[in-house]
>>> print(open('input31.cif').read())   # mmCIF, C-alpha atoms
data_target
loop_
_atom_site.group_PDB
_atom_site.id
_atom_site.type_symbol
_atom_site.label_atom_id
_atom_site.label_comp_id
_atom_site.auth_asym_id
_atom_site.auth_seq_id
_atom_site.Cartn_x
_atom_site.Cartn_y
_atom_site.Cartn_z
ATOM 1 C CA MET L 1 -59.741 -23.126 20.593
ATOM 2 C CA GLY L 2 -56.238 -21.738 20.242
ATOM 3 C CA ARG L 3 -57.146 -18.343 21.630
ATOM 4 C CA TRP L 4 -58.765 -19.925 24.686
ATOM 5 C CA MET L 5 -55.645 -21.980 25.331
ATOM 6 C CA THR L 6 -53.498 -18.845 25.506
ATOM 7 C CA VAL L 7 -56.078 -16.969 27.599
ATOM 8 C CA LEU L 8 -56.232 -19.773 30.137
ATOM 9 C CA MET L 9 -52.434 -19.974 30.335
ATOM 10 C CA CYS L 10 -52.304 -16.215 30.930
ATOM 11 C CA THR L 11 -54.683 -16.530 33.894
ATOM 12 C CA LYS L 12 -51.989 -18.520 35.699
ATOM 13 C CA VAL L 13 -49.325 -15.924 34.933
ATOM 14 C CA VAL L 14 -51.519 -13.040 36.093
ATOM 15 C CA THR L 15 -52.628 -14.662 39.358
ATOM 16 C CA ALA L 16 -49.100 -15.840 40.177
ATOM 17 C CA ASN L 17 -47.692 -12.345 39.576
ATOM 18 C CA TRP L 18 -50.623 -10.199 40.743
ATOM 19 C CA PRO L 19 -48.641 -7.787 43.013
ATOM 20 C CA ILE L 20 -45.866 -7.369 40.437
ATOM 21 C CA ILE L 21 -48.369 -6.572 37.682
ATOM 22 C CA TYR L 22 -50.192 -4.169 39.992
ATOM 23 C CA PHE L 23 -47.037 -2.198 40.764
ATOM 24 C CA MET L 24 -45.961 -2.243 37.108
ATOM 25 C CA ALA L 25 -49.318 -0.663 36.215
ATOM 26 C CA VAL L 26 -48.788 1.960 38.939
ATOM 27 C CA ALA L 27 -45.271 2.682 37.634
ATOM 28 C CA VAL L 28 -46.495 3.035 34.047
ATOM 29 C CA LYS L 29 -49.313 5.337 35.154
ATOM 30 C CA GLN L 30 -46.880 7.516 37.112
ATOM 31 C CA ASN L 31 -44.339 7.608 34.287
ATOM 32 C CA GLU L 32 -46.548 8.147 31.234
ATOM 33 C CA PRO L 33 -48.165 11.464 30.343
ATOM 34 C CA ALA L 34 -51.824 11.759 31.348
ATOM 35 C CA ASN L 35 -54.273 10.678 28.646
ATOM 36 C CA SER L 36 -51.661 8.740 26.649
ATOM 37 C CA TYR L 37 -52.765 5.278 25.552
ATOM 38 C CA LEU L 38 -50.353 3.499 27.941
ATOM 39 C CA TRP L 39 -51.566 5.697 30.789
ATOM 40 C CA GLN L 40 -55.186 4.818 29.943
ATOM 41 C CA LEU L 41 -54.357 1.096 29.759
ATOM 42 C CA SER L 42 -52.714 1.304 33.182
ATOM 43 C CA CYS L 43 -55.766 3.072 34.583
ATOM 44 C CA ALA L 44 -58.057 0.413 33.117
ATOM 45 C CA LEU L 45 -55.894 -2.388 34.533
ATOM 46 C CA LEU L 46 -55.745 -0.772 37.971
ATOM 47 C CA SER L 47 -59.506 -0.309 37.879
ATOM 48 C CA LEU L 48 -59.966 -4.039 37.182
ATOM 49 C CA MET L 49 -57.450 -5.003 39.850
ATOM 50 C CA ASN L 50 -59.087 -2.784 42.485
ATOM 51 C CA GLU L 51 -62.750 -3.608 41.763
ATOM 52 C CA ARG L 52 -64.314 -5.511 44.616
ATOM 53 C CA SER L 53 -67.959 -5.774 43.711
ATOM 54 C CA THR L 54 -70.033 -7.333 40.991
ATOM 55 C CA PRO L 55 -69.069 -5.765 37.665
ATOM 56 C CA ASP L 56 -71.768 -3.842 35.809
ATOM 57 C CA ASP L 57 -72.362 -5.906 32.678
ATOM 58 C CA ASN L 58 -75.006 -3.468 31.472
ATOM 59 C CA SER L 59 -72.628 -0.596 30.825
ATOM 60 C CA GLY L 60 -72.773 -1.206 27.079
ATOM 61 C CA GLN L 61 -69.148 -0.132 26.665
ATOM 62 C CA THR L 62 -66.713 -1.891 24.390
ATOM 63 C CA ILE L 63 -63.233 -2.569 25.762
ATOM 64 C CA ASN L 64 -61.873 0.393 23.765
ATOM 65 C CA GLU L 65 -64.576 2.715 25.126
ATOM 66 C CA PHE L 66 -63.738 1.525 28.649
ATOM 67 C CA ILE L 67 -60.020 2.261 28.135
ATOM 68 C CA ASP L 68 -60.744 5.616 26.489
ATOM 69 C CA SER L 69 -62.960 6.631 29.427
ATOM 70 C CA PHE L 70 -59.916 7.231 31.635
ATOM 71 C CA ASN L 71 -58.557 10.776 31.608
ATOM 72 C CA ASP L 72 -56.663 13.001 34.025
ATOM 73 C CA GLU L 73 -59.891 14.692 35.145
ATOM 74 C CA ASN L 74 -61.635 11.528 36.375
ATOM 75 C CA THR L 75 -58.692 9.434 37.579
ATOM 76 C CA SER L 76 -57.127 9.589 41.020
ATOM 77 C CA ASP L 77 -53.393 9.731 41.613
ATOM 78 C CA THR L 78 -53.669 7.729 44.829
ATOM 79 C CA TYR L 79 -52.947 4.008 44.935
ATOM 80 C CA TYR L 80 -54.285 1.431 47.289
ATOM 81 C CA MET L 81 -52.632 -1.972 47.493
ATOM 82 C CA PRO L 82 -55.267 -4.138 49.164
ATOM 83 C CA LYS L 83 -54.558 -6.070 52.323
ATOM 84 C CA LYS L 84 -55.240 -9.787 52.484
ATOM 85 C CA THR L 85 -58.106 -9.089 54.885
ATOM 86 C CA ASP L 86 -59.914 -7.057 52.202
ATOM 87 C CA THR L 87 -62.425 -8.610 49.867
ATOM 88 C CA THR L 88 -60.657 -10.354 47.000
ATOM 89 C CA PRO L 89 -60.728 -8.384 43.724
ATOM 90 C CA THR L 90 -63.475 -9.551 41.374
ATOM 91 C CA PHE L 91 -61.101 -9.913 38.410
ATOM 92 C CA TYR L 92 -58.724 -12.084 40.462
ATOM 93 C CA VAL L 93 -61.595 -14.353 41.535
ATOM 94 C CA MET L 94 -62.736 -14.674 37.911
ATOM 95 C CA LEU L 95 -59.229 -15.715 36.881
ATOM 96 C CA LEU L 96 -59.122 -18.349 39.633
ATOM 97 C CA TRP L 97 -62.427 -19.831 38.432
ATOM 98 C CA MET L 98 -61.144 -19.919 34.844
ATOM 99 C CA GLN L 99 -58.030 -21.759 36.059
ATOM 100 C CA GLY L 100 -60.175 -24.364 37.805
ATOM 101 C CA PHE L 101 -62.242 -24.844 34.647
ATOM 102 C CA ALA L 102 -59.117 -25.184 32.521
ATOM 103 C CA GLU L 103 -57.587 -27.763 34.847
ATOM 104 C CA CYS L 104 -60.828 -29.789 35.191
ATOM 105 C CA PHE L 105 -61.995 -29.724 31.612
ATOM 106 C CA PHE L 106 -60.449 -27.505 28.979
ATOM 107 C CA ASP L 107 -56.750 -28.452 29.116
ATOM 108 C CA ASP L 108 -57.547 -32.148 28.713
ATOM 109 C CA MET L 109 -59.967 -31.551 25.827
ATOM 110 C CA PHE L 110 -57.538 -29.256 24.030
ATOM 111 C CA GLU L 111 -54.623 -31.668 24.509
ATOM 112 C CA TRP L 112 -56.718 -34.500 23.064
ATOM 113 C CA MET L 113 -57.584 -32.459 19.979
ATOM 114 C CA MET L 114 -53.890 -31.773 19.368
ATOM 115 C CA ARG L 115 -52.982 -35.471 19.477
ATOM 116 C CA SER L 116 -52.124 -37.533 16.441
ATOM 117 C CA ASP L 117 -54.794 -39.915 15.244
ATOM 118 C CA PRO L 118 -54.022 -43.378 16.683
ATOM 119 C CA VAL L 119 -54.703 -45.058 13.319
ATOM 120 C CA LEU L 120 -53.067 -42.522 11.008
ATOM 121 C CA GLY L 121 -49.997 -42.327 13.229
ATOM 122 C CA SER L 122 -47.405 -39.711 14.030
ATOM 123 C CA GLY L 123 -47.799 -36.292 12.467
ATOM 124 C CA SER L 124 -51.579 -36.518 11.974
ATOM 125 C CA TRP L 125 -52.453 -33.822 14.504
ATOM 126 C CA GLY L 126 -56.040 -32.695 14.397
ATOM 127 C CA GLN L 127 -57.095 -35.525 12.066
ATOM 128 C CA THR L 128 -59.524 -36.945 14.589
ATOM 129 C CA ALA L 129 -62.861 -36.008 12.973
ATOM 130 C CA ARG L 130 -63.854 -39.674 12.771
ATOM 131 C CA LEU L 131 -63.807 -39.742 16.576
ATOM 132 C CA ALA L 132 -66.047 -36.687 16.981
ATOM 133 C CA VAL L 133 -69.130 -38.569 18.152
ATOM 134 C CA GLU L 134 -67.222 -40.384 20.887
ATOM 135 C CA ARG L 135 -65.435 -37.208 21.900
ATOM 136 C CA CYS L 136 -68.715 -35.297 22.184
ATOM 137 C CA TYR L 137 -69.916 -38.029 24.534
ATOM 138 C CA VAL L 138 -66.751 -37.760 26.656
ATOM 139 C CA MET L 139 -67.000 -33.956 26.727
ATOM 140 C CA HIS L 140 -70.649 -34.156 27.751
ATOM 141 C CA MET L 141 -69.762 -36.583 30.585
ATOM 142 C CA LYS L 142 -66.957 -34.318 31.812
ATOM 143 C CA LEU L 143 -69.204 -31.251 31.707
ATOM 144 C CA LYS L 144 -71.911 -33.168 33.571
ATOM 145 C CA GLU L 145 -69.322 -34.022 36.274
ATOM 146 C CA LEU L 146 -68.517 -30.314 36.569
ATOM 147 C CA GLU L 147 -72.173 -29.383 36.690
ATOM 148 C CA ASP L 148 -72.888 -31.930 39.415
ATOM 149 C CA GLY L 149 -70.010 -31.086 41.736
ATOM 150 C CA TRP L 150 -67.408 -28.575 40.655
ATOM 151 C CA GLU L 151 -67.453 -27.117 44.175
ATOM 152 C CA SER L 152 -65.877 -30.290 45.590
ATOM 153 C CA MET L 153 -63.109 -30.552 42.972
ATOM 154 C CA PRO L 154 -59.604 -29.639 44.177
ATOM 155 C CA GLN L 155 -58.975 -27.560 41.031
ATOM 156 C CA PHE L 156 -61.563 -25.038 42.262
ATOM 157 C CA LYS L 157 -60.213 -24.853 45.820
ATOM 158 C CA PRO L 158 -58.192 -21.632 45.228
ATOM 159 C CA TYR L 159 -61.335 -19.988 43.851
ATOM 160 C CA LEU L 160 -63.531 -21.157 46.705
ATOM 161 C CA ASP L 161 -60.910 -20.150 49.303
ATOM 162 C CA GLU L 162 -61.102 -16.567 48.028
ATOM 163 C CA VAL L 163 -64.874 -16.433 47.653
ATOM 164 C CA ILE L 164 -65.736 -18.008 51.013
ATOM 165 C CA GLN L 165 -63.759 -15.913 53.484
#
>>> encode(input="input31.cif", output="structure tokens")
Amino acid sequence: MGRWMTVLMCTKVVTANWPIIYFMAVAVKQNEPANSYLWQLSCALLSLMNERSTPDDNSGQTINEFIDSFNDENTSDTYYMPKKTDTTPTFYVMLLWMQGFAECFFDDMFEWMMRSDPVLGSGSWGQTARLAVERCYVMHMKLKELEDGWESMPQFKPYLDEVIQ
């Protein structure tokens, strides 16, 4: 669960600083030699930030193959900072949905798992296995709430605002 906690925190940083990150990627791409690893990473990031359609999940590429696919022969030197009237980038929308999920469900579940056991007292973090059955019930209830009406939850409003334009 630890990796997911950091990923979900990063979604907030990326969405809050989207234009800054975009222009940093442009600056790195302009500054680094073509085909260097940093240049390829910048190209991959810009590709994600500019994509405005459904991603092709059937490409069969690993993340490293995707990054390696960028070279000076197939990559443009032009940059296009989208206007607000354009369709929202797919990656940005995905991050907004992940934020809504984290705020509605994940953050609370993760925080509970990090708590000390109420019987064992202070310093007993993660010693809550005896409460697993009850916690599974609570998690199931919370997931059922999401399943039955996530669209009406305020945590998903930023996502829905971008999708329904």
>>> resolve_selection(input="input31.cif", expression="the PyMOL selection byres ((chain L and resi 23) around 12)", output="compact mmCIF listing (two decimals) with C-alpha atoms, in the frame of the given file")
# COMPACT_ATOMS: atom_id res chain seq x y z
CA ASN L 17 -47.69 -12.34 39.58
CA TRP L 18 -50.62 -10.20 40.74
CA PRO L 19 -48.64 -7.79 43.01
CA ILE L 20 -45.87 -7.37 40.44
CA ILE L 21 -48.37 -6.57 37.68
CA TYR L 22 -50.19 -4.17 39.99
CA MET L 24 -45.96 -2.24 37.11
CA ALA L 25 -49.32 -0.66 36.22
CA VAL L 26 -48.79 1.96 38.94
CA ALA L 27 -45.27 2.68 37.63
CA VAL L 28 -46.50 3.04 34.05
CA LYS L 29 -49.31 5.34 35.15
CA GLN L 30 -46.88 7.52 37.11
CA SER L 42 -52.71 1.30 33.18
CA CYS L 43 -55.77 3.07 34.58
CA LEU L 45 -55.89 -2.39 34.53
CA LEU L 46 -55.74 -0.77 37.97
CA MET L 49 -57.45 -5.00 39.85
CA TYR L 79 -52.95 4.01 44.94
CA TYR L 80 -54.28 1.43 47.29
CA MET L 81 -52.63 -1.97 47.49
CA PRO L 82 -55.27 -4.14 49.16
>>> residues_around(input="input31.cif", residues="Ile164 in chain L", least_positions_apart="4", cutoff="12 Å", atoms="all atoms listed in the file", output="PyMOL selection string")
chain L and resi 87-88+93+151+156-160
>>> write_last_selection(input="input31.cif", atoms="C-alpha atoms", output="short mmCIF file (atom, residue, chain, number, x, y, z; two decimals), in the frame of the given file")
data_model
loop_
_atom_site.label_atom_id
_atom_site.label_comp_id
_atom_site.auth_asym_id
_atom_site.auth_seq_id
_atom_site.Cartn_x
_atom_site.Cartn_y
_atom_site.Cartn_z
CA THR L 87 -62.42 -8.61 49.87
CA THR L 88 -60.66 -10.35 47.00
CA VAL L 93 -61.60 -14.35 41.54
CA GLU L 151 -67.45 -27.12 44.18
CA PHE L 156 -61.56 -25.04 42.26
CA LYS L 157 -60.21 -24.85 45.82
CA PRO L 158 -58.19 -21.63 45.23
CA TYR L 159 -61.34 -19.99 43.85
CA LEU L 160 -63.53 -21.16 46.70
#
>>> atom_distance(input="input31.cif", atom1="CA of Thr128 in chain L", atom2="CA of Thr6 in chain L")
22.0 Å
>>> residues_around(input="input31.cif", residues="Leu146 in chain L", least_positions_apart="3", cutoff="12 Å", atoms="only C-alpha atoms", output="MDAnalysis selection string")
chainID L and resid 100:106 139:143 149:156
>>> residues_around(input="input31.cif", residues="Ala16 in chain L", least_positions_apart="5", cutoff="12 Å", atoms="all atoms listed in the file", output="list in words")
Met9, Cys10, Thr11, Ile21, Tyr22, Tyr92, Leu95, Leu96, Gln99 and Pro158 of chain L
>>> write_last_selection(input="input31.cif", atoms="C-alpha atoms", output="PDB file, in the frame of the given file")
ATOM      1  CA  MET L   9     -52.434 -19.974  30.335  1.00  0.00           C
ATOM      2  CA  CYS L  10     -52.304 -16.215  30.930  1.00  0.00           C
ATOM      3  CA  THR L  11     -54.683 -16.530  33.894  1.00  0.00           C
ATOM      4  CA  ILE L  21     -48.369  -6.572  37.682  1.00  0.00           C
ATOM      5  CA  TYR L  22     -50.192  -4.169  39.992  1.00  0.00           C
ATOM      6  CA  TYR L  92     -58.724 -12.084  40.462  1.00  0.00           C
ATOM      7  CA  LEU L  95     -59.229 -15.715  36.881  1.00  0.00           C
ATOM      8  CA  LEU L  96     -59.122 -18.349  39.633  1.00  0.00           C
ATOM      9  CA  GLN L  99     -58.030 -21.759  36.059  1.00  0.00           C
ATOM     10  CA  PRO L 158     -58.192 -21.632  45.228  1.00  0.00           C
TER      11      PRO L 158
END
>>> residues_around(input="input31.cif", residues="Asn64 in chain L", least_positions_apart="5", cutoff="12 Å", atoms="only C-alpha atoms", output="count of residues only")
6
>>> closest_residue(input="input31.cif", among="L:Ala132, L:Ala34, L:Met98, L:Val14", to="Met113 in chain L", atoms="all atoms listed in the file")
L:Ala132
>>> closest_residue(input="input31.cif", among="L:Pro33, L:Leu48, L:Thr90, L:Val119", to="Asp72 in chain L", atoms="all atoms listed in the file")
L:Pro33
>>> atom_distance(input="input31.cif", atom1="CA of Cys136 in chain L", atom2="CA of Trp112 in chain L")
12.1 Å
>>> atom_distance(input="input31.cif", atom1="CA of Asp117 in chain L", atom2="CA of Ala129 in chain L")
9.2 Å
>>> resolve_selection(input="input31.cif", expression="the PyMOL selection byres ((chain L and resi 127) around 10)", output="PDB file with C-alpha atoms, in the frame of the given file")
ATOM      1  CA  MET L 113     -57.584 -32.459  19.979  1.00  0.00           C
ATOM      2  CA  MET L 114     -53.890 -31.773  19.368  1.00  0.00           C
ATOM      3  CA  ARG L 115     -52.982 -35.471  19.477  1.00  0.00           C
ATOM      4  CA  SER L 116     -52.124 -37.533  16.441  1.00  0.00           C
ATOM      5  CA  ASP L 117     -54.794 -39.915  15.244  1.00  0.00           C
ATOM      6  CA  PRO L 118     -54.022 -43.378  16.683  1.00  0.00           C
ATOM      7  CA  VAL L 119     -54.703 -45.058  13.319  1.00  0.00           C
ATOM      8  CA  LEU L 120     -53.067 -42.522  11.008  1.00  0.00           C
ATOM      9  CA  GLY L 121     -49.997 -42.327  13.229  1.00  0.00           C
ATOM     10  CA  GLY L 123     -47.799 -36.292  12.467  1.00  0.00           C
ATOM     11  CA  SER L 124     -51.579 -36.518  11.974  1.00  0.00           C
ATOM     12  CA  TRP L 125     -52.453 -33.822  14.504  1.00  0.00           C
ATOM     13  CA  GLY L 126     -56.040 -32.695  14.397  1.00  0.00           C
ATOM     14  CA  THR L 128     -59.524 -36.945  14.589  1.00  0.00           C
ATOM     15  CA  ALA L 129     -62.861 -36.008  12.973  1.00  0.00           C
ATOM     16  CA  ARG L 130     -63.854 -39.674  12.771  1.00  0.00           C
ATOM     17  CA  LEU L 131     -63.807 -39.742  16.576  1.00  0.00           C
TER      18      LEU L 131
END
>>> decode(input="input31.cif", residues="range 12-144 of chain L", atoms="C-alpha atoms", output="CSV table (one decimal), in the first residue's frame")
chain,number,residue,atom,x,y,z
L,12,LYS,CA,-2.0,16.2,-6.5
L,13,VAL,CA,1.4,17.7,-7.1
L,14,VAL,CA,1.2,17.0,-10.9
L,15,THR,CA,-2.3,18.4,-11.4
L,16,ALA,CA,-1.5,21.5,-9.3
L,17,ASN,CA,1.7,22.2,-11.2
L,18,TRP,CA,0.7,21.0,-14.7
L,19,PRO,CA,1.8,24.1,-16.7
L,20,ILE,CA,5.1,24.3,-14.8
L,21,ILE,CA,5.8,20.6,-15.4
L,22,TYR,CA,4.9,21.0,-19.0
L,23,PHE,CA,7.3,23.9,-19.6
L,24,MET,CA,10.1,22.1,-17.6
L,25,ALA,CA,9.7,19.1,-19.9
L,26,VAL,CA,9.9,21.5,-22.9
L,27,ALA,CA,13.1,23.1,-21.4
L,28,VAL,CA,14.7,19.8,-20.8
L,29,LYS,CA,13.9,18.6,-24.3
L,30,GLN,CA,15.4,21.8,-25.8
L,31,ASN,CA,18.5,21.7,-23.6
L,32,GLU,CA,19.4,18.0,-23.8
L,33,PRO,CA,21.0,16.3,-26.8
L,34,ALA,CA,18.6,14.4,-29.0
L,35,ASN,CA,18.3,10.7,-28.1
L,36,SER,CA,19.7,11.1,-24.6
L,37,TYR,CA,17.7,9.5,-21.8
L,38,LEU,CA,16.5,12.8,-20.3
L,39,TRP,CA,15.5,14.0,-23.8
L,40,GLN,CA,13.5,10.8,-24.3
L,41,LEU,CA,11.9,11.1,-20.9
L,42,SER,CA,10.8,14.7,-21.7
L,43,CYS,CA,9.4,13.5,-25.0
L,44,ALA,CA,7.5,10.7,-23.3
L,45,LEU,CA,6.1,13.2,-20.7
L,46,LEU,CA,5.1,15.7,-23.3
L,47,SER,CA,3.4,13.0,-25.3
L,48,LEU,CA,1.4,12.0,-22.2
L,49,MET,CA,0.6,15.6,-21.4
L,50,ASN,CA,-0.6,16.4,-25.0
L,51,GLU,CA,-2.6,13.2,-25.6
L,52,ARG,CA,-6.3,14.0,-25.9
L,53,SER,CA,-7.9,10.7,-26.9
L,54,THR,CA,-8.3,7.3,-25.5
L,55,PRO,CA,-4.9,5.7,-25.0
L,56,ASP,CA,-4.1,2.6,-26.9
L,57,ASP,CA,-3.8,-0.1,-24.2
L,58,ASN,CA,-3.1,-2.8,-26.8
L,59,SER,CA,0.3,-1.4,-27.9
L,60,GLY,CA,2.1,-4.1,-25.9
L,61,GLN,CA,5.0,-1.7,-25.0
L,62,THR,CA,6.6,-1.6,-21.6
L,63,ILE,CA,7.2,1.8,-20.1
L,64,ASN,CA,10.9,1.5,-21.1
L,65,GLU,CA,10.0,0.6,-24.7
L,66,PHE,CA,7.7,3.6,-24.8
L,67,ILE,CA,10.4,5.9,-23.6
L,68,ASP,CA,13.0,4.4,-25.9
L,69,SER,CA,10.7,4.9,-28.9
L,70,PHE,CA,11.4,8.6,-29.0
L,71,ASN,CA,14.2,9.7,-31.2
L,72,ASP,CA,15.2,12.8,-33.2
L,73,GLU,CA,13.7,11.3,-36.4
L,74,ASN,CA,10.2,10.8,-35.1
L,75,THR,CA,9.8,13.7,-32.7
L,76,SER,CA,8.7,17.2,-33.5
L,77,ASP,CA,10.5,20.3,-32.2
L,78,THR,CA,7.2,22.3,-32.1
L,79,TYR,CA,5.3,22.7,-28.8
L,80,TYR,CA,1.7,23.3,-28.3
L,81,MET,CA,0.4,24.5,-24.9
L,82,PRO,CA,-3.3,23.7,-25.0
L,83,LYS,CA,-5.9,26.3,-24.4
L,84,LYS,CA,-8.6,25.8,-21.8
L,85,THR,CA,-11.1,25.4,-24.6
L,86,ASP,CA,-9.3,22.4,-25.9
L,87,THR,CA,-10.2,18.9,-24.8
L,88,THR,CA,-8.6,18.1,-21.4
L,89,PRO,CA,-5.5,15.8,-21.7
L,90,THR,CA,-6.3,12.2,-21.0
L,91,PHE,CA,-3.5,11.8,-18.5
L,92,TYR,CA,-4.7,14.9,-16.6
L,93,VAL,CA,-8.2,13.5,-16.4
L,94,MET,CA,-6.9,10.1,-15.2
L,95,LEU,CA,-5.0,11.9,-12.4
L,96,LEU,CA,-8.1,13.8,-11.3
L,97,TRP,CA,-10.1,10.5,-11.1
L,98,MET,CA,-7.3,9.0,-9.0
L,99,GLN,CA,-7.4,12.0,-6.7
L,100,GLY,CA,-11.2,11.6,-6.2
L,101,PHE,CA,-10.7,7.9,-5.4
L,102,ALA,CA,-8.0,8.6,-2.9
L,103,GLU,CA,-10.1,11.3,-1.2
L,104,CYS,CA,-13.2,9.1,-1.1
L,105,PHE,CA,-11.7,5.8,-0.2
L,106,PHE,CA,-8.0,5.1,-0.2
L,107,ASP,CA,-6.6,7.9,2.1
L,108,ASP,CA,-9.0,6.9,4.9
L,109,MET,CA,-8.2,3.2,4.5
L,110,PHE,CA,-4.5,3.8,4.5
L,111,GLU,CA,-4.6,6.1,7.5
L,112,TRP,CA,-6.6,3.5,9.4
L,113,MET,CA,-4.0,0.8,8.7
L,114,MET,CA,-1.2,3.1,10.0
L,115,ARG,CA,-3.0,3.7,13.3
L,116,SER,CA,-2.0,2.1,16.6
L,117,ASP,CA,-4.1,-0.7,17.8
L,118,PRO,CA,-6.6,0.7,20.3
L,119,VAL,CA,-6.0,-2.2,22.8
L,120,LEU,CA,-2.2,-2.5,22.4
L,121,GLY,CA,-1.7,1.2,22.7
L,122,SER,CA,0.7,3.7,21.3
L,123,GLY,CA,3.5,2.5,19.1
L,124,SER,CA,1.6,-0.6,17.8
L,125,TRP,CA,1.2,0.6,14.2
L,126,GLY,CA,0.0,-2.0,11.8
L,127,GLN,CA,-0.9,-4.4,14.6
L,128,THR,CA,-4.5,-4.5,13.7
L,129,ALA,CA,-4.8,-8.0,12.1
L,130,ARG,CA,-7.4,-9.0,14.7
L,131,LEU,CA,-9.7,-6.3,13.2
L,132,ALA,CA,-9.3,-7.5,9.6
L,133,VAL,CA,-12.8,-9.0,9.3
L,134,GLU,CA,-14.5,-5.8,10.5
L,135,ARG,CA,-12.2,-3.7,8.3
L,136,CYS,CA,-13.0,-5.8,5.2
L,137,TYR,CA,-16.7,-5.1,6.0
L,138,VAL,CA,-16.1,-1.4,6.3
L,139,MET,CA,-14.0,-1.4,3.1
L,140,HIS,CA,-16.7,-3.3,1.2
L,141,MET,CA,-19.4,-0.8,2.4
L,142,LYS,CA,-17.2,2.2,1.3
L,143,LEU,CA,-16.6,0.6,-2.1
L,144,LYS,CA,-20.3,-0.1,-2.5
